Amino acid sequence: LMTTQNLEYPKFYTSLYTLMSHSTVFHVKHRIQFCTLLTNCLMKSQMLPAYVIASFCKRLCRTCVCGGVPPSGSLFVLALVSNLLRRHGECACLVHRHVYNKSSKDKGNKKNDNDDNGMIMDVFDNETNDPAKSRALESSLWELDALEKHYHPAVSALAKTCGTEDNKTPPYDLDEFLLHTYKSLFEEERRWGGGGGGGGIENNTSKKKRKSRSVALAFHEPKTLFQEGDAFSGWLSVP
């Protein structure tokens with residue numbers, strides 16, 4: 001009734017928002033059912049205010065950055081955030097917002113990203129469980145930049161494109177991301193030969209099969225048993 005008839009249930013989204021602060025939701029037995037419910041509540045409801053969508057995007061990305069979320073969960077979060085940003089254009093400011101400090105803001109000048117030793121003041125309040133008080137719309141999704149450095153290549157590749165898609169890019173099929181596990185991601189990496197994510201994960205607009213590439217190794221084939229100048233280099237020399 002909430003997703004189809006826009007029926008309002010008191011504090012439902014507040015309770016759902018509270019659950020997303022724990023990475024354990026991506027490890028529970030009924031993870032697929034929960035993520036499906038989360039997708040339906042955020043994507044199918046037309047009456048959600050922008051601050052609610054922005055709060056969920058921030059908390060989901062923050063949970064992935066703080067650790068404990070498996071690569072499959074991070075892929076689902078990035079795909080969901082990408083779809084939400086495209087569906088709710090008023091939340092695009094989270095990706096394209098410039099950073100200002102107090103002094104330069106009064107003068108109307110933009111702050112250099114390197115000011116204050118590269119530190120950015122994030123006004124987002126992750127401690128509160130009320131989306132209306134989180135100030136997510138005044139913040140930015142800097143967590144995407146952090147996820148670009150994720151150890152898993154598929155997560156890193158998807159984070160680089162999240163929020164930069166144009167209107168011609170079709171939305172991600174979230175049902176495909178719900179089925180991913182450690183084993184399925186490993187099998188896709190092995191099948192596709194590595195190099196930045198499995199098929200259908202890194203980019204849903206180009207699903208060309210990648211060529212397997214050799215892995216660079218810091219290894220030099222030795223030419224002698226002992227190197228020149230080594231303490232044992234002269235032991236086996238024949239007079």
# chains A, B, ... in the order shown; residues from 1 in each chain; ligands from 1

$ closest_atom_pairs --of "stretch 25-51 of chain A" --to "stretch 179-189 of chain A" --cutoff "12 Å" --atoms "only C-alpha atoms" --output "JSON lines"
{"residue": "A:Phe26", "atom": "CA", "partner": "A:Thr181", "partner_atom": "CA", "distance": 10.6}
{"residue": "A:His27", "atom": "CA", "partner": "A:Thr181", "partner_atom": "CA", "distance": 10.4}
{"residue": "A:Arg31", "atom": "CA", "partner": "A:Leu179", "partner_atom": "CA", "distance": 10.0}
{"residue": "A:Ile32", "atom": "CA", "partner": "A:Leu179", "partner_atom": "CA", "distance": 7.6}
{"residue": "A:Gln33", "atom": "CA", "partner": "A:Leu179", "partner_atom": "CA", "distance": 11.0}
{"residue": "A:Cys35", "atom": "CA", "partner": "A:Leu179", "partner_atom": "CA", "distance": 10.8}
{"residue": "A:Thr36", "atom": "CA", "partner": "A:Leu179", "partner_atom": "CA", "distance": 11.1}

$ write_last_selection --atoms "all heavy atoms" --output "PDB file, in the first residue's frame"
ATOM      1  N   PHE A  26      23.632  -6.783   5.412  1.00  0.00           N
ATOM      2  CA  PHE A  26      24.119  -7.400   4.182  1.00  0.00           C
ATOM      3  C   PHE A  26      24.674  -8.801   4.417  1.00  0.00           C
ATOM      4  O   PHE A  26      25.212  -9.414   3.495  1.00  0.00           O
ATOM      5  CB  PHE A  26      25.201  -6.525   3.551  1.00  0.00           C
ATOM      6  CG  PHE A  26      24.701  -5.178   3.116  1.00  0.00           C
ATOM      7  CD1 PHE A  26      24.906  -4.058   3.918  1.00  0.00           C
ATOM      8  CD2 PHE A  26      24.013  -5.027   1.927  1.00  0.00           C
ATOM      9  CE1 PHE A  26      24.448  -2.810   3.526  1.00  0.00           C
ATOM     10  CE2 PHE A  26      23.541  -3.790   1.528  1.00  0.00           C
ATOM     11  CZ  PHE A  26      23.760  -2.676   2.325  1.00  0.00           C
ATOM     12  N   HIS A  27      24.545  -9.298   5.656  1.00  0.00           N
ATOM     13  CA  HIS A  27      25.034 -10.633   5.983  1.00  0.00           C
ATOM     14  C   HIS A  27      23.930 -11.553   6.487  1.00  0.00           C
ATOM     15  O   HIS A  27      24.180 -12.740   6.682  1.00  0.00           O
ATOM     16  CB  HIS A  27      26.130 -10.557   7.054  1.00  0.00           C
ATOM     17  CG  HIS A  27      27.355  -9.809   6.610  1.00  0.00           C
ATOM     18  ND1 HIS A  27      28.381 -10.402   5.908  1.00  0.00           N
ATOM     19  CD2 HIS A  27      27.712  -8.503   6.773  1.00  0.00           C
ATOM     20  CE1 HIS A  27      29.327  -9.504   5.649  1.00  0.00           C
ATOM     21  NE2 HIS A  27      28.946  -8.350   6.169  1.00  0.00           N
ATOM     22  N   ARG A  31      18.791 -11.545   3.367  1.00  0.00           N
ATOM     23  CA  ARG A  31      19.345 -10.310   2.799  1.00  0.00           C
ATOM     24  C   ARG A  31      18.646  -9.921   1.502  1.00  0.00           C
ATOM     25  O   ARG A  31      18.349  -8.746   1.277  1.00  0.00           O
ATOM     26  CB  ARG A  31      20.835 -10.498   2.544  1.00  0.00           C
ATOM     27  CG  ARG A  31      21.507  -9.350   1.819  1.00  0.00           C
ATOM     28  CD  ARG A  31      22.955  -9.672   1.529  1.00  0.00           C
ATOM     29  NE  ARG A  31      23.076 -10.804   0.630  1.00  0.00           N
ATOM     30  CZ  ARG A  31      23.090 -10.692  -0.705  1.00  0.00           C
ATOM     31  NH1 ARG A  31      22.983  -9.494  -1.258  1.00  0.00           N
ATOM     32  NH2 ARG A  31      23.221 -11.755  -1.473  1.00  0.00           N
ATOM     33  N   ILE A  32      18.357 -10.896   0.653  1.00  0.00           N
ATOM     34  CA  ILE A  32      17.734 -10.590  -0.641  1.00  0.00           C
ATOM     35  C   ILE A  32      16.342 -10.010  -0.448  1.00  0.00           C
ATOM     36  O   ILE A  32      15.965  -9.022  -1.102  1.00  0.00           O
ATOM     37  CB  ILE A  32      17.688 -11.860  -1.517  1.00  0.00           C
ATOM     38  CG1 ILE A  32      19.110 -12.326  -1.851  1.00  0.00           C
ATOM     39  CG2 ILE A  32      16.898 -11.616  -2.799  1.00  0.00           C
ATOM     40  CD1 ILE A  32      19.159 -13.581  -2.695  1.00  0.00           C
ATOM     41  N   GLN A  33      15.573 -10.592   0.467  1.00  0.00           N
ATOM     42  CA  GLN A  33      14.221 -10.078   0.710  1.00  0.00           C
ATOM     43  C   GLN A  33      14.271  -8.669   1.286  1.00  0.00           C
ATOM     44  O   GLN A  33      13.456  -7.811   0.910  1.00  0.00           O
ATOM     45  CB  GLN A  33      13.460 -11.013   1.661  1.00  0.00           C
ATOM     46  CG  GLN A  33      13.107 -12.362   1.066  1.00  0.00           C
ATOM     47  CD  GLN A  33      14.233 -13.352   1.120  1.00  0.00           C
ATOM     48  OE1 GLN A  33      15.380 -13.012   1.410  1.00  0.00           O
ATOM     49  NE2 GLN A  33      13.928 -14.623   0.862  1.00  0.00           N
ATOM     50  N   CYS A  35      16.711  -6.378   0.906  1.00  0.00           N
ATOM     51  CA  CYS A  35      17.165  -5.425  -0.119  1.00  0.00           C
ATOM     52  C   CYS A  35      16.083  -5.187  -1.164  1.00  0.00           C
ATOM     53  O   CYS A  35      15.972  -4.085  -1.714  1.00  0.00           O
ATOM     54  CB  CYS A  35      18.443  -5.935  -0.773  1.00  0.00           C
ATOM     55  SG  CYS A  35      19.884  -5.924   0.320  1.00  0.00           S
ATOM     56  N   THR A  36      15.277  -6.208  -1.440  1.00  0.00           N
ATOM     57  CA  THR A  36      14.151  -6.030  -2.364  1.00  0.00           C
ATOM     58  C   THR A  36      13.133  -5.068  -1.782  1.00  0.00           C
ATOM     59  O   THR A  36      12.594  -4.198  -2.486  1.00  0.00           O
ATOM     60  CB  THR A  36      13.497  -7.391  -2.668  1.00  0.00           C
ATOM     61  OG1 THR A  36      14.467  -8.271  -3.237  1.00  0.00           O
ATOM     62  CG2 THR A  36      12.340  -7.227  -3.636  1.00  0.00           C
TER      63      THR A  36
END

$ residues_around --residues "A:Gly163" --least-positions-apart "3" --cutoff "7 Å" --atoms "only C-alpha atoms" --output "list in words"
Ser82, Leu85 and Val95 of chain A

$ residues_around --residues "A:Glu143" --least-positions-apart "2" --cutoff "9 Å" --atoms "only C-alpha atoms" --output "PyMOL selection string"
chain A and resi 58+61-62+64-65+140-141+145-148

$ atom_distance --atom1 "atom CA of A:Pro171" --atom2 "atom CA of A:Ala79"
8.3 Å

$ residues_around --residues "A:Phe124" --least-positions-apart "5" --cutoff "8 Å" --atoms "only C-alpha atoms" --output "list in words"
Ser134, Arg135, Ala136, Glu138 and Ser139 of chain A
